[in-house]
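Asks: This one is input.cif, mmCIF, C-alpha atoms (C1' of nucleotides).
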data_input
#
loop_
_atom_site.label_atom_id
_atom_site.label_comp_id
_atom_site.auth_asym_id
_atom_site.auth_seq_id
_atom_site.Cartn_x
_atom_site.Cartn_y
_atom_site.Cartn_z
CA MET A 1 11.64 1.02 -2.11
CA ARG A 2 8.16 0.16 -0.86
CA ARG A 3 9.44 -0.41 2.66
CA LEU A 4 11.21 2.92 2.60
CA SER A 5 8.22 4.83 1.34
CA ASP A 6 6.00 3.09 3.88
CA ARG A 7 8.52 4.01 6.52
CA LEU A 8 8.48 7.67 5.55
CA ASP A 9 4.69 7.76 5.42
CA ARG A 10 4.35 6.18 8.82
CA ASP A 11 6.99 8.46 10.24
CA LEU A 12 5.22 11.59 9.03
CA SER A 13 1.64 10.51 9.59
CA GLY A 14 1.60 11.53 13.24
CA LEU A 15 2.79 15.04 12.57
CA TYR A 16 -0.65 16.54 11.99
CA ALA A 17 -1.90 15.25 15.32
CA ASP A 18 1.28 16.47 17.03
CA TYR A 19 0.80 19.84 15.34
CA GLY A 20 -2.74 20.02 16.68
CA VAL A 21 -4.57 20.43 13.38
CA ARG A 22 -7.12 17.96 12.08
CA PHE A 23 -5.90 16.71 8.70
CA GLU A 24 -5.53 13.32 7.03
CA PRO A 25 -2.31 12.60 5.22
CA ARG A 26 -4.06 11.26 2.16
CA TRP A 27 -5.81 14.62 1.71
CA TYR A 28 -2.56 16.45 1.05
CA PRO A 29 -1.92 15.78 -2.66
CA ILE A 30 -5.44 16.83 -3.60
CA VAL A 31 -5.59 19.87 -1.36
CA ALA A 32 -2.19 21.01 -2.56
CA LEU A 33 -3.19 20.61 -6.18
CA LEU A 34 -6.43 22.54 -5.70
CA GLU A 35 -4.59 25.34 -3.94
CA GLU A 36 -2.09 25.59 -6.74
CA THR A 37 -4.29 25.28 -9.77
CA GLY A 38 -7.87 26.00 -8.67
CA PRO A 39 -10.97 23.86 -9.25
CA ARG A 40 -10.28 20.55 -10.91
CA ALA A 41 -12.22 17.51 -12.09
CA ILE A 42 -11.86 14.12 -10.48
CA THR A 43 -10.23 12.36 -13.42
CA GLU A 44 -7.85 15.24 -14.01
CA MET A 45 -6.61 15.00 -10.49
CA ALA A 46 -6.42 11.23 -10.64
CA SER A 47 -4.31 11.39 -13.74
CA GLU A 48 -1.95 14.02 -12.35
CA LEU A 49 -1.54 12.33 -9.01
CA GLY A 50 -1.14 8.84 -10.42
CA LEU A 51 -4.18 7.48 -8.61
CA THR A 52 -7.39 5.90 -9.84
CA HIS A 53 -10.52 7.96 -10.07
CA PRO A 54 -12.38 6.04 -7.34
CA ALA A 55 -9.49 6.76 -4.98
CA VAL A 56 -9.77 10.48 -5.73
CA SER A 57 -13.53 10.28 -5.51
CA GLN A 58 -13.24 8.78 -2.04
CA VAL A 59 -10.83 11.42 -0.84
CA ALA A 60 -13.03 14.12 -2.36
CA LYS A 61 -16.02 12.77 -0.47
CA SER A 62 -14.01 12.81 2.72
CA LEU A 63 -12.85 16.39 2.13
CA ILE A 64 -16.41 17.52 1.42
CA GLU A 65 -17.65 15.91 4.61
CA GLU A 66 -14.92 17.76 6.52
CA GLY A 67 -16.02 20.99 4.89
CA LEU A 68 -12.66 21.69 3.31
CA CYS A 69 -13.90 21.25 -0.27
CA LYS A 70 -17.06 21.58 -2.29
CA LYS A 71 -18.17 20.18 -5.61
CA ARG A 72 -20.06 21.76 -8.47
CA ALA A 73 -20.93 20.65 -11.97
CA ASP A 74 -18.75 21.88 -14.80
CA LYS A 75 -20.77 24.19 -17.03
CA LYS A 76 -18.89 22.95 -20.06
CA ASP A 77 -19.48 19.25 -19.50
CA GLY A 78 -22.45 17.90 -17.63
CA ARG A 79 -20.60 14.77 -16.62
CA ARG A 80 -17.81 16.56 -14.82
CA HIS A 81 -17.70 17.64 -11.21
CA LEU A 82 -15.19 20.31 -10.28
CA LEU A 83 -13.80 20.12 -6.80
CA SER A 84 -12.64 23.30 -5.12
CA LEU A 85 -11.50 24.57 -1.74
CA THR A 86 -13.95 26.18 0.66
CA PRO A 87 -13.00 29.19 2.78
CA LYS A 88 -12.63 26.73 5.64
CA GLY A 89 -10.29 24.68 3.46
CA LYS A 90 -8.18 27.72 2.66
CA LYS A 91 -8.00 28.61 6.33
CA ARG A 92 -6.90 25.07 7.20
CA ILE A 93 -4.16 25.38 4.64
CA GLU A 94 -2.86 28.57 6.22
CA GLN A 95 -2.79 26.85 9.57
CA LEU A 96 -0.73 24.04 8.10
CA ARG A 97 1.60 26.20 6.05
CA PRO A 98 4.44 26.28 8.61
CA LEU A 99 4.31 22.51 8.99
CA TRP A 100 4.41 21.92 5.25
CA ARG A 101 7.27 24.37 4.91
CA ALA A 102 9.19 22.49 7.54
CA VAL A 103 8.54 19.20 5.74
CA PHE A 104 9.78 20.66 2.44
CA GLN A 105 12.82 22.12 4.12
CA ALA A 106 13.67 18.87 5.89
CA THR A 107 13.29 17.01 2.60
CA GLU A 108 15.43 19.55 0.79
CA ASN A 109 18.11 19.31 3.45
CA LEU A 110 18.12 15.54 3.28
CA LEU A 111 18.36 15.47 -0.49
CA THR A 112 21.01 18.17 -0.67
CA ASP A 113 23.21 17.09 2.18
CA GLU A 114 22.90 13.34 2.27
CA LEU A 115 21.29 12.04 -0.88
CA PRO A 116 22.37 14.26 -3.72
CA GLY A 117 21.71 11.70 -6.42
CA LEU A 118 18.46 10.16 -5.26
CA MET A 119 15.98 12.21 -7.22
CA ALA A 120 17.98 11.84 -10.39
CA GLU A 121 18.09 8.09 -9.97
CA LEU A 122 14.36 7.89 -9.32
CA ASP A 123 13.64 10.05 -12.36
CA ALA A 124 15.93 7.84 -14.42
CA LEU A 125 14.05 4.77 -13.17
CA ASP A 126 10.78 6.36 -14.23
CA GLN A 127 12.19 7.11 -17.67
CA SER A 128 13.63 3.65 -18.05
CA LEU A 129 10.27 2.09 -17.24
CA ASN A 130 8.55 4.43 -19.68
CA GLU A 131 10.87 3.19 -22.38
CA LYS A 132 10.49 -0.45 -21.50
CA SER A 133 8.38 -1.99 -18.79
CA MET A 134 9.83 -4.35 -16.26
CA SER A 135 7.67 -7.21 -17.39
CA ALA A 136 8.80 -6.71 -20.98
CA ARG A 137 12.40 -6.86 -19.80
CA VAL A 138 11.74 -10.05 -17.91
CA LYS A 139 9.93 -11.66 -20.80
CA ALA A 140 12.78 -10.84 -23.13
CA LEU A 141 15.01 -12.95 -20.91
CA LEU A 142 12.72 -15.93 -20.70
CA PRO A 143 12.66 -18.87 -23.04
CA HIS A 144 9.82 -18.38 -25.46
CA GLU A 145 7.15 -19.91 -23.29
CA VAL A 146 5.41 -16.74 -22.29
CA ASP A 147 3.16 -14.61 -24.43
CA ALA A 148 4.71 -11.28 -25.33
CA MET B 1 8.93 6.45 -4.49
CA ARG B 2 5.59 4.90 -3.55
CA ARG B 3 4.22 5.44 -7.03
CA LEU B 4 7.28 3.84 -8.53
CA SER B 5 7.19 0.81 -6.28
CA ASP B 6 3.47 0.44 -6.91
CA ARG B 7 4.18 0.69 -10.59
CA LEU B 8 6.79 -2.04 -10.47
CA ASP B 9 4.54 -4.30 -8.40
CA ARG B 10 1.64 -3.87 -10.76
CA ASP B 11 3.86 -4.40 -13.74
CA LEU B 12 5.23 -7.67 -12.43
CA SER B 13 2.08 -9.02 -10.83
CA GLY B 14 0.71 -10.48 -14.04
CA LEU B 15 3.83 -12.44 -14.78
CA TYR B 16 2.83 -15.52 -12.81
CA ALA B 17 -0.44 -15.83 -14.66
CA ASP B 18 1.36 -15.26 -17.96
CA TYR B 19 3.89 -17.90 -16.96
CA GLY B 20 1.08 -20.32 -16.28
CA VAL B 21 1.92 -21.13 -12.66
CA ARG B 22 -0.41 -20.41 -9.77
CA PHE B 23 1.40 -18.13 -7.36
CA GLU B 24 0.54 -14.94 -5.49
CA PRO B 25 3.11 -12.15 -5.53
CA ARG B 26 2.86 -11.57 -1.82
CA TRP B 27 3.98 -15.17 -1.19
CA TYR B 28 7.38 -14.59 -2.69
CA PRO B 29 9.37 -13.03 0.17
CA ILE B 30 8.29 -15.74 2.58
CA VAL B 31 8.76 -18.65 0.21
CA ALA B 32 12.16 -17.36 -0.82
CA LEU B 33 13.23 -16.98 2.79
CA LEU B 34 12.07 -20.48 3.70
CA GLU B 35 13.90 -21.94 0.75
CA GLU B 36 17.08 -20.20 1.70
CA THR B 37 17.14 -20.68 5.43
CA GLY B 38 14.75 -23.53 6.24
CA PRO B 39 11.89 -23.54 8.74
CA ARG B 40 11.29 -20.21 10.44
CA ALA B 41 8.98 -18.72 13.02
CA ILE B 42 6.39 -16.10 12.18
CA THR B 43 7.94 -13.23 14.09
CA GLU B 44 11.41 -14.03 12.77
CA MET B 45 10.15 -13.75 9.25
CA ALA B 46 8.19 -10.63 10.01
CA SER B 47 11.24 -8.97 11.45
CA GLU B 48 13.49 -9.93 8.53
CA LEU B 49 11.00 -8.92 5.90
CA GLY B 50 9.97 -5.68 7.54
CA LEU B 51 6.33 -6.69 7.93
CA THR B 52 4.10 -7.11 10.94
CA HIS B 53 3.46 -10.53 12.37
CA PRO B 54 -0.25 -10.57 11.46
CA ALA B 55 0.70 -9.88 7.85
CA VAL B 56 3.07 -12.84 7.87
CA SER B 57 0.50 -14.93 9.71
CA GLN B 58 -2.03 -14.18 6.99
CA VAL B 59 0.35 -15.10 4.20
CA ALA B 60 1.35 -18.24 6.07
CA LYS B 61 -2.28 -19.25 6.34
CA SER B 62 -2.71 -18.70 2.63
CA LEU B 63 0.38 -20.74 1.80
CA ILE B 64 -0.80 -23.58 4.03
CA GLU B 65 -4.19 -23.59 2.34
CA GLU B 66 -2.44 -23.81 -1.02
CA GLY B 67 -0.39 -26.73 0.26
CA LEU B 68 2.93 -25.05 -0.33
CA CYS B 69 3.81 -24.79 3.38
CA LYS B 70 3.10 -26.53 6.64
CA LYS B 71 3.38 -25.47 10.25
CA ARG B 72 4.66 -27.32 13.29
CA ALA B 73 5.34 -26.33 16.86
CA ASP B 74 8.91 -25.52 17.81
CA LYS B 75 10.20 -28.10 20.26
CA LYS B 76 12.26 -25.48 22.03
CA ASP B 77 9.47 -23.01 22.59
CA GLY B 78 5.86 -24.01 22.89
CA ARG B 79 4.63 -20.65 21.70
CA ARG B 80 6.43 -20.72 18.40
CA HIS B 81 5.21 -22.18 15.16
CA LEU B 82 7.78 -23.01 12.53
CA LEU B 83 6.68 -22.65 8.95
CA SER B 84 8.36 -24.81 6.31
CA LEU B 85 7.99 -25.75 2.66
CA THR B 86 6.11 -28.88 1.65
CA PRO B 87 7.32 -31.10 -1.21
CA LYS B 88 4.61 -29.44 -3.28
CA GLY B 89 6.04 -26.07 -2.30
CA LYS B 90 9.52 -27.10 -3.33
CA LYS B 91 8.22 -28.35 -6.63
CA ARG B 92 6.40 -25.06 -7.22
CA ILE B 93 9.65 -23.25 -6.60
CA GLU B 94 11.45 -25.30 -9.22
CA GLN B 95 8.72 -24.48 -11.70
CA LEU B 96 9.19 -20.81 -10.99
CA ARG B 97 12.96 -20.79 -10.93
CA PRO B 98 13.44 -19.68 -14.55
CA LEU B 99 10.98 -16.82 -14.06
CA TRP B 100 12.68 -15.62 -10.89
CA ARG B 101 16.05 -15.83 -12.58
CA ALA B 102 14.77 -13.69 -15.40
CA VAL B 103 13.43 -11.14 -12.92
CA PHE B 104 16.76 -10.99 -11.09
CA GLN B 105 18.63 -10.66 -14.36
CA ALA B 106 16.35 -7.91 -15.64
CA THR B 107 16.76 -6.07 -12.34
CA GLU B 108 20.50 -6.51 -12.46
CA ASN B 109 20.65 -5.25 -16.01
CA LEU B 110 18.56 -2.22 -15.14
CA LEU B 111 20.64 -1.35 -12.10
CA THR B 112 23.95 -1.89 -13.85
CA ASP B 113 23.21 -0.29 -17.17
CA GLU B 114 20.79 2.50 -16.37
CA LEU B 115 20.69 3.16 -12.63
CA PRO B 116 24.15 2.54 -11.25
CA GLY B 117 23.66 4.69 -8.19
CA LEU B 118 20.13 3.80 -7.17
CA MET B 119 20.80 1.10 -4.61
CA ALA B 120 23.50 3.15 -2.96
CA GLU B 121 21.14 6.11 -2.67
CA LEU B 122 18.36 3.98 -1.22
CA ASP B 123 20.78 2.44 1.30
CA ALA B 124 21.97 5.89 2.21
CA LEU B 125 18.36 6.99 2.73
CA ASP B 126 17.81 4.05 5.03
CA GLN B 127 20.91 4.94 7.00
CA SER B 128 19.99 8.59 7.21
CA LEU B 129 16.56 7.72 8.58
CA ASN B 130 18.13 5.34 11.09
CA GLU B 131 20.25 8.19 12.34
CA LYS B 132 17.43 10.69 12.47
CA SER B 133 13.81 10.14 11.61
CA MET B 134 12.04 12.37 9.16
CA SER B 135 9.59 13.62 11.76
CA ALA B 136 12.46 14.57 14.06
CA ARG B 137 14.00 16.53 11.21
CA VAL B 138 10.73 18.32 10.58
CA LYS B 139 10.18 19.11 14.22
CA ALA B 140 13.65 20.57 14.51
CA LEU B 141 12.64 23.10 11.86
CA LEU B 142 9.37 24.08 13.44
CA PRO B 143 8.79 26.84 15.95
CA HIS B 144 8.60 25.30 19.41
CA GLU B 145 4.92 24.52 19.27
CA VAL B 146 5.19 20.81 18.80
CA ASP B 147 6.16 18.25 21.40
CA ALA B 148 9.56 16.74 20.78
"C1'" DT C 1 -30.33 12.45 -37.06
"C1'" DT C 2 -29.15 8.35 -34.67
"C1'" DA C 3 -26.51 4.93 -32.70
"C1'" DA C 4 -22.08 3.28 -31.33
"C1'" DA C 5 -18.04 4.44 -28.96
"C1'" DT C 6 -15.78 7.06 -25.57
"C1'" DT C 7 -15.41 9.50 -21.34
"C1'" DA C 8 -16.71 11.13 -16.32
"C1'" DT C 9 -18.03 9.76 -11.96
"C1'" DG C 10 -20.07 6.99 -8.30
"C1'" DT C 11 -20.51 2.60 -5.77
"C1'" DA C 12 -19.30 -2.09 -4.46
"C1'" DA C 13 -16.12 -5.35 -3.41
"C1'" DG C 14 -11.36 -6.91 -3.05
"C1'" DT C 15 -6.31 -6.54 -1.67
"C1'" DG C 16 -2.48 -6.54 1.33
"C1'" DC C 17 -1.12 -4.56 4.56
"C1'" DT C 18 -1.58 -2.13 9.45
"C1'" DT C 19 -3.10 -1.38 14.45
"C1'" DA C 20 -5.74 -3.16 18.29
"C1'" DC C 21 -6.93 -6.75 21.08
"C1'" DA C 22 -6.63 -11.33 23.13
"C1'" DT C 23 -4.57 -15.59 24.83
"C1'" DA C 24 -0.84 -18.37 26.13
"C1'" DA C 25 4.09 -19.69 26.86
"C1'" DA C 26 8.53 -18.29 28.47
"C1'" DT C 27 11.64 -15.53 31.29
"C1'" DG C 28 13.47 -13.19 35.14
"C1'" DG C 29 13.45 -11.40 39.74
"C1'" DG C 30 12.10 -11.59 44.55
"C1'" DC D 1 8.33 -21.35 44.00
"C1'" DC D 2 5.42 -17.55 42.47
"C1'" DC D 3 4.24 -13.67 40.01
"C1'" DA D 4 5.10 -9.75 37.01
"C1'" DT D 5 6.84 -8.87 32.64
"C1'" DT D 6 7.98 -10.05 28.08
"C1'" DT D 7 7.36 -12.52 23.93
"C1'" DA D 8 4.80 -15.48 20.17
"C1'" DT D 9 0.87 -15.96 17.57
"C1'" DG D 10 -3.96 -15.63 16.17
"C1'" DT D 11 -8.10 -12.86 15.20
"C1'" DA D 12 -10.74 -8.64 14.39
"C1'" DA D 13 -11.19 -4.40 12.47
"C1'" DG D 14 -9.36 -0.46 9.94
"C1'" DC D 15 -6.89 1.82 6.06
"C1'" DA D 16 -5.92 3.53 1.46
"C1'" DC D 17 -5.78 2.16 -2.23
"C1'" DT D 18 -7.24 -1.04 -6.43
"C1'" DT D 19 -10.39 -3.48 -9.89
"C1'" DA D 20 -15.07 -4.35 -11.33
"C1'" DC D 21 -19.36 -2.75 -12.37
"C1'" DA D 22 -22.92 0.65 -13.35
"C1'" DT D 23 -25.02 4.89 -15.09
"C1'" DA D 24 -25.01 8.99 -17.67
"C1'" DA D 25 -23.11 12.69 -20.71
"C1'" DT D 26 -20.46 13.67 -24.72
"C1'" DT D 27 -18.29 12.71 -29.05
"C1'" DT D 28 -17.87 10.52 -33.34
"C1'" DA D 29 -19.17 8.18 -37.38
"C1'" DA D 30 -22.59 6.61 -40.52
#
Now, as a test, write the supplied structure out as structure tokens.
Replies:
Amino acid sequence: MRRLSDRLDRDLSGLYADYGVRFEPRWYPIVALLEETGPRAITEMASELGLTHPAVSQVAKSLIEEGLCKKRADKKDGRRHLLSLTPKGKKRIEQLRPLWRAVFQATENLLTDELPGLMAELDALDQSLNEKSMSARVKALLPHEVDA
Amino acid sequence: MRRLSDRLDRDLSGLYADYGVRFEPRWYPIVALLEETGPRAITEMASELGLTHPAVSQVAKSLIEEGLCKKRADKKDGRRHLLSLTPKGKKRIEQLRPLWRAVFQATENLLTDELPGLMAELDALDQSLNEKSMSARVKALLPHEVDA
DNA sequence: TTAAATTATGTAAGTGCTTACATAAATGGG
DNA sequence: CCCATTTATGTAAGCACTTACATAATTTAA
């Protein structure tokens, strides 16, 4: 699974350069989330994207340096910083829209035509691990020499 | 997929410490391969495991420092270094055998009971990408503004 | 009201890989 | 035989995350 996901990432990572628009692949999840839902706090994004907050903080810093995002304090909570898209960020998104559409379409085609059950299986794996972690499963099979 | 594989890795990475045996998770693929097939060269292992040769070289160095492996020149090719298990390495493997068995069993149970189609879908994904890369699929859907 | 506990974010350092670069041995063709 | 090309491995640096640590704001409980 890791090899496959690495493979897909590597395969797609050159597309932005080919497309002639400056954009880092790791920016995508955050930019897409901000476009969809508006200004968000670092930990909110981290939680939703399944990353740690320092990872999001680092990407946020990178996006701010590129001018695609800006940060402001949350009036309701002095600890929080809300990240949002700049006009430049929104314009970059519009430039990339056709590329992202093509990626979605290609993914959709692949899943529909060739891998009809993949998403269901991955969701089921997620659920199964929610119910019982892999390590718990392993430990249940071991002689009682390992702490629970 | 990446989140899931990360999740599984993180979940299992504490098992060695819990089990009370000193072993790094990234050693496993190489140690297992050496046990199964005997002494191997760096690039052979890299190719079979889907890693780059520097990655394997780094793990090899780590294993040698731990005393689990040793390296010798290949008599047939003066460039090649064959990595093999030391007696200490073989002993470490025997210590870990019950844990690895439990991991295999847990995996088997999960695949058989809850995710019967997962491996087939992942194999199919691999095949599909062999036939046509994801970026090629995307580019086929784009207006003709991107180099083929 | 105050202090302890919790939560938000930044920074530093580590991890496990990758790509880039370098050197040397082997191979193949003229 | 000689040389250009290919192949094997090591080292350096980069990448995208993680964990650890630190500071500060907010919340909760006494």
Asks: Using the chain letters and numbers from the file, which residues does the PyMOL selection byres ((chain B) within 8 of (chain A)) grab, as a PDB file with C-alpha atoms, in the coordinates of the input?
Replies:
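The result, stored in result-v5.pdb:
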ATOM      1  CA  MET B   1       8.930   6.450  -4.490  1.00  0.00           C
ATOM      2  CA  ARG B   2       5.590   4.900  -3.550  1.00  0.00           C
ATOM      3  CA  ARG B   3       4.220   5.440  -7.030  1.00  0.00           C
ATOM      4  CA  LEU B   4       7.280   3.840  -8.530  1.00  0.00           C
ATOM      5  CA  SER B   5       7.190   0.810  -6.280  1.00  0.00           C
ATOM      6  CA  ASP B   6       3.470   0.440  -6.910  1.00  0.00           C
ATOM      7  CA  LEU B   8       6.790  -2.040 -10.470  1.00  0.00           C
ATOM      8  CA  ASP B  11       3.860  -4.400 -13.740  1.00  0.00           C
ATOM      9  CA  LEU B  12       5.230  -7.670 -12.430  1.00  0.00           C
ATOM     10  CA  LEU B  15       3.830 -12.440 -14.780  1.00  0.00           C
ATOM     11  CA  ASP B  18       1.360 -15.260 -17.960  1.00  0.00           C
ATOM     12  CA  TYR B  19       3.890 -17.900 -16.960  1.00  0.00           C
ATOM     13  CA  GLY B  50       9.970  -5.680   7.540  1.00  0.00           C
ATOM     14  CA  PRO B  98      13.440 -19.680 -14.550  1.00  0.00           C
ATOM     15  CA  LEU B  99      10.980 -16.820 -14.060  1.00  0.00           C
ATOM     16  CA  ALA B 102      14.770 -13.690 -15.400  1.00  0.00           C
ATOM     17  CA  VAL B 103      13.430 -11.140 -12.920  1.00  0.00           C
ATOM     18  CA  GLN B 105      18.630 -10.660 -14.360  1.00  0.00           C
ATOM     19  CA  ALA B 106      16.350  -7.910 -15.640  1.00  0.00           C
ATOM     20  CA  GLU B 114      20.790   2.500 -16.370  1.00  0.00           C
ATOM     21  CA  LEU B 115      20.690   3.160 -12.630  1.00  0.00           C
ATOM     22  CA  GLY B 117      23.660   4.690  -8.190  1.00  0.00           C
ATOM     23  CA  LEU B 118      20.130   3.800  -7.170  1.00  0.00           C
ATOM     24  CA  GLU B 121      21.140   6.110  -2.670  1.00  0.00           C
ATOM     25  CA  LEU B 122      18.360   3.980  -1.220  1.00  0.00           C
ATOM     26  CA  ALA B 124      21.970   5.890   2.210  1.00  0.00           C
ATOM     27  CA  LEU B 125      18.360   6.990   2.730  1.00  0.00           C
ATOM     28  CA  ASP B 126      17.810   4.050   5.030  1.00  0.00           C
ATOM     29  CA  SER B 128      19.990   8.590   7.210  1.00  0.00           C
ATOM     30  CA  SER B 133      13.810  10.140  11.610  1.00  0.00           C
ATOM     31  CA  MET B 134      12.040  12.370   9.160  1.00  0.00           C
ATOM     32  CA  SER B 135       9.590  13.620  11.760  1.00  0.00           C
ATOM     33  CA  ARG B 137      14.000  16.530  11.210  1.00  0.00           C
ATOM     34  CA  VAL B 138      10.730  18.320  10.580  1.00  0.00           C
ATOM     35  CA  LYS B 139      10.180  19.110  14.220  1.00  0.00           C
ATOM     36  CA  LEU B 141      12.640  23.100  11.860  1.00  0.00           C
ATOM     37  CA  LEU B 142       9.370  24.080  13.440  1.00  0.00           C
ATOM     38  CA  GLU B 145       4.920  24.520  19.270  1.00  0.00           C
ATOM     39  CA  VAL B 146       5.190  20.810  18.800  1.00  0.00           C
ATOM     40  CA  ASP B 147       6.160  18.250  21.400  1.00  0.00           C
TER      41      ASP B 147
END
Asks: Smallest atom-to-atom distance to chain A: which of C:DG14, C:DT19, C:DG30, C:DA8, using only C-alpha atoms (C1' of nucleotides)?
Replies: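 Among the listed residues, the smallest separation from chain A belongs to C:DA8.
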Asks: Using all atoms listed in the file, find each residue of chain C with at least one atom at most 12 Å away from an atom of chain B; report its shortest atom-to-atom pair and that distance in Å (one decimal), sort the rows by chain and rising residue number, and return the result as JSON lines.
Replies:
{"residue": "C:DT15", "atom": "C1'", "partner": "B:Arg26", "partner_atom": "CA", "distance": 10.5}
{"residue": "C:DG16", "atom": "C1'", "partner": "B:Arg26", "partner_atom": "CA", "distance": 8.0}
{"residue": "C:DC17", "atom": "C1'", "partner": "B:Ala55", "partner_atom": "CA", "distance": 6.5}
{"residue": "C:DT18", "atom": "C1'", "partner": "B:Thr52", "partner_atom": "CA", "distance": 7.7}
{"residue": "C:DT19", "atom": "C1'", "partner": "B:Thr52", "partner_atom": "CA", "distance": 9.8}
{"residue": "C:DA20", "atom": "C1'", "partner": "B:Pro54", "partner_atom": "CA", "distance": 11.5}
{"residue": "C:DT23", "atom": "C1'", "partner": "B:Arg79", "partner_atom": "CA", "distance": 11.0}
{"residue": "C:DA24", "atom": "C1'", "partner": "B:Arg79", "partner_atom": "CA", "distance": 7.4}
{"residue": "C:DA25", "atom": "C1'", "partner": "B:Arg79", "partner_atom": "CA", "distance": 5.3}
{"residue": "C:DA26", "atom": "C1'", "partner": "B:Asp77", "partner_atom": "CA", "distance": 7.6}
{"residue": "C:DT27", "atom": "C1'", "partner": "B:Asp77", "partner_atom": "CA", "distance": 11.7}
Asks: Counting only C-alpha atoms (C1' of nucleotides), which residues from chain D have an atom at most 8 Å from any atom of chain B, and could you show them as an NGL selection string?
Replies: :D and (8-10)
Asks: Quick check, in Å to one decimal: how far apart do atom CA of Met45 of chain B and atom CA of Ser84 of chain B lie?
Replies: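 Rounded to one decimal, the two atoms are 11.6 Å apart.
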Asks: So how far away is atom CA of Val31 of chain A from atom CA of Ser62 of chain A, in Å?
Replies: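 Answer for the atom CA of Ser62 of chain A to atom CA of Val31 of chain A separation: 11.7 Å.
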Asks: Figure out the distance between atom C1' of DC2 of chain D and atom C1' of DG28 of chain C, please, to one decimal in Å.
Replies: 11.7 Å
Asks: Looking at D:DC3, D:DC17, D:DA29, D:DA24, which one is nearest to DT1 of chain C, with distances taken over only C-alpha atoms (C1' of nucleotides)?
Replies: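 Nearest to DT1 of chain C: D:DA29.
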Asks: Under the PyMOL selection byres ((chain A and resi 35) around 12), which residues of this model are included? Write them out as number ranges by chain.
Replies: A: 28-34, 36-40, 68-69, 83-87, 89-94, 97
Asks: Let me know the residues the PyMOL selection byres ((chain C and resi 5) around 12) catches in the file above, as a tab-separated table (two decimals) with C-alpha atoms (C1' of nucleotides), in the frame of the given file.
Replies:
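Everything below was put into selection.tsv:
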chain	number	residue	atom	x	y	z
C	3	DA	C1'	-26.51	4.93	-32.70
C	4	DA	C1'	-22.08	3.28	-31.33
C	6	DT	C1'	-15.78	7.06	-25.57
C	7	DT	C1'	-15.41	9.50	-21.34
D	26	DT	C1'	-20.46	13.67	-24.72
D	27	DT	C1'	-18.29	12.71	-29.05
D	28	DT	C1'	-17.87	10.52	-33.34
D	29	DA	C1'	-19.17	8.18	-37.38
Asks: With C-alpha atoms retained, output segment 84-118 of chain A as a PDB file, in the first residue's frame.
Replies:
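Okay, decode_13.pdb is ready:
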ATOM      1  CA  SER A  84      -7.103  32.014   4.475  1.00  0.00           C
ATOM      2  CA  LEU A  85      -6.527  32.360   0.748  1.00  0.00           C
ATOM      3  CA  THR A  86      -5.239  35.604  -0.716  1.00  0.00           C
ATOM      4  CA  PRO A  87      -6.531  36.956  -4.034  1.00  0.00           C
ATOM      5  CA  LYS A  88      -3.312  35.621  -5.530  1.00  0.00           C
ATOM      6  CA  GLY A  89      -4.126  32.232  -4.016  1.00  0.00           C
ATOM      7  CA  LYS A  90      -7.601  32.257  -5.506  1.00  0.00           C
ATOM      8  CA  LYS A  91      -6.196  33.181  -8.889  1.00  0.00           C
ATOM      9  CA  ARG A  92      -3.672  30.329  -8.687  1.00  0.00           C
ATOM     10  CA  ILE A  93      -6.515  27.975  -7.970  1.00  0.00           C
ATOM     11  CA  GLU A  94      -8.396  29.087 -11.067  1.00  0.00           C
ATOM     12  CA  GLN A  95      -5.285  28.490 -13.125  1.00  0.00           C
ATOM     13  CA  LEU A  96      -5.039  24.975 -11.757  1.00  0.00           C
ATOM     14  CA  ARG A  97      -8.709  24.121 -11.986  1.00  0.00           C
ATOM     15  CA  PRO A  98      -8.494  22.306 -15.346  1.00  0.00           C
ATOM     16  CA  LEU A  99      -5.576  20.216 -14.107  1.00  0.00           C
ATOM     17  CA  TRP A 100      -7.363  19.237 -10.918  1.00  0.00           C
ATOM     18  CA  ARG A 101     -10.481  18.387 -12.881  1.00  0.00           C
ATOM     19  CA  ALA A 102      -8.453  16.133 -15.113  1.00  0.00           C
ATOM     20  CA  VAL A 103      -6.913  14.428 -12.086  1.00  0.00           C
ATOM     21  CA  PHE A 104     -10.355  13.835 -10.554  1.00  0.00           C
ATOM     22  CA  GLN A 105     -11.696  12.544 -13.828  1.00  0.00           C
ATOM     23  CA  ALA A 106      -8.757  10.203 -14.353  1.00  0.00           C
ATOM     24  CA  THR A 107      -9.190   8.915 -10.804  1.00  0.00           C
ATOM     25  CA  GLU A 108     -12.910   8.472 -11.305  1.00  0.00           C
ATOM     26  CA  ASN A 109     -12.345   6.596 -14.545  1.00  0.00           C
ATOM     27  CA  LEU A 110      -9.803   4.319 -12.935  1.00  0.00           C
ATOM     28  CA  LEU A 111     -12.024   3.533  -9.976  1.00  0.00           C
ATOM     29  CA  THR A 112     -15.141   3.022 -12.069  1.00  0.00           C
ATOM     30  CA  ASP A 113     -13.665   1.061 -14.921  1.00  0.00           C
ATOM     31  CA  GLU A 114     -10.860  -0.918 -13.379  1.00  0.00           C
ATOM     32  CA  LEU A 115     -11.085  -0.881  -9.615  1.00  0.00           C
ATOM     33  CA  PRO A 116     -14.725  -0.821  -8.687  1.00  0.00           C
ATOM     34  CA  GLY A 117     -14.212  -2.225  -5.214  1.00  0.00           C
ATOM     35  CA  LEU A 118     -11.092  -0.404  -4.099  1.00  0.00           C
TER      36      LEU A 118
END
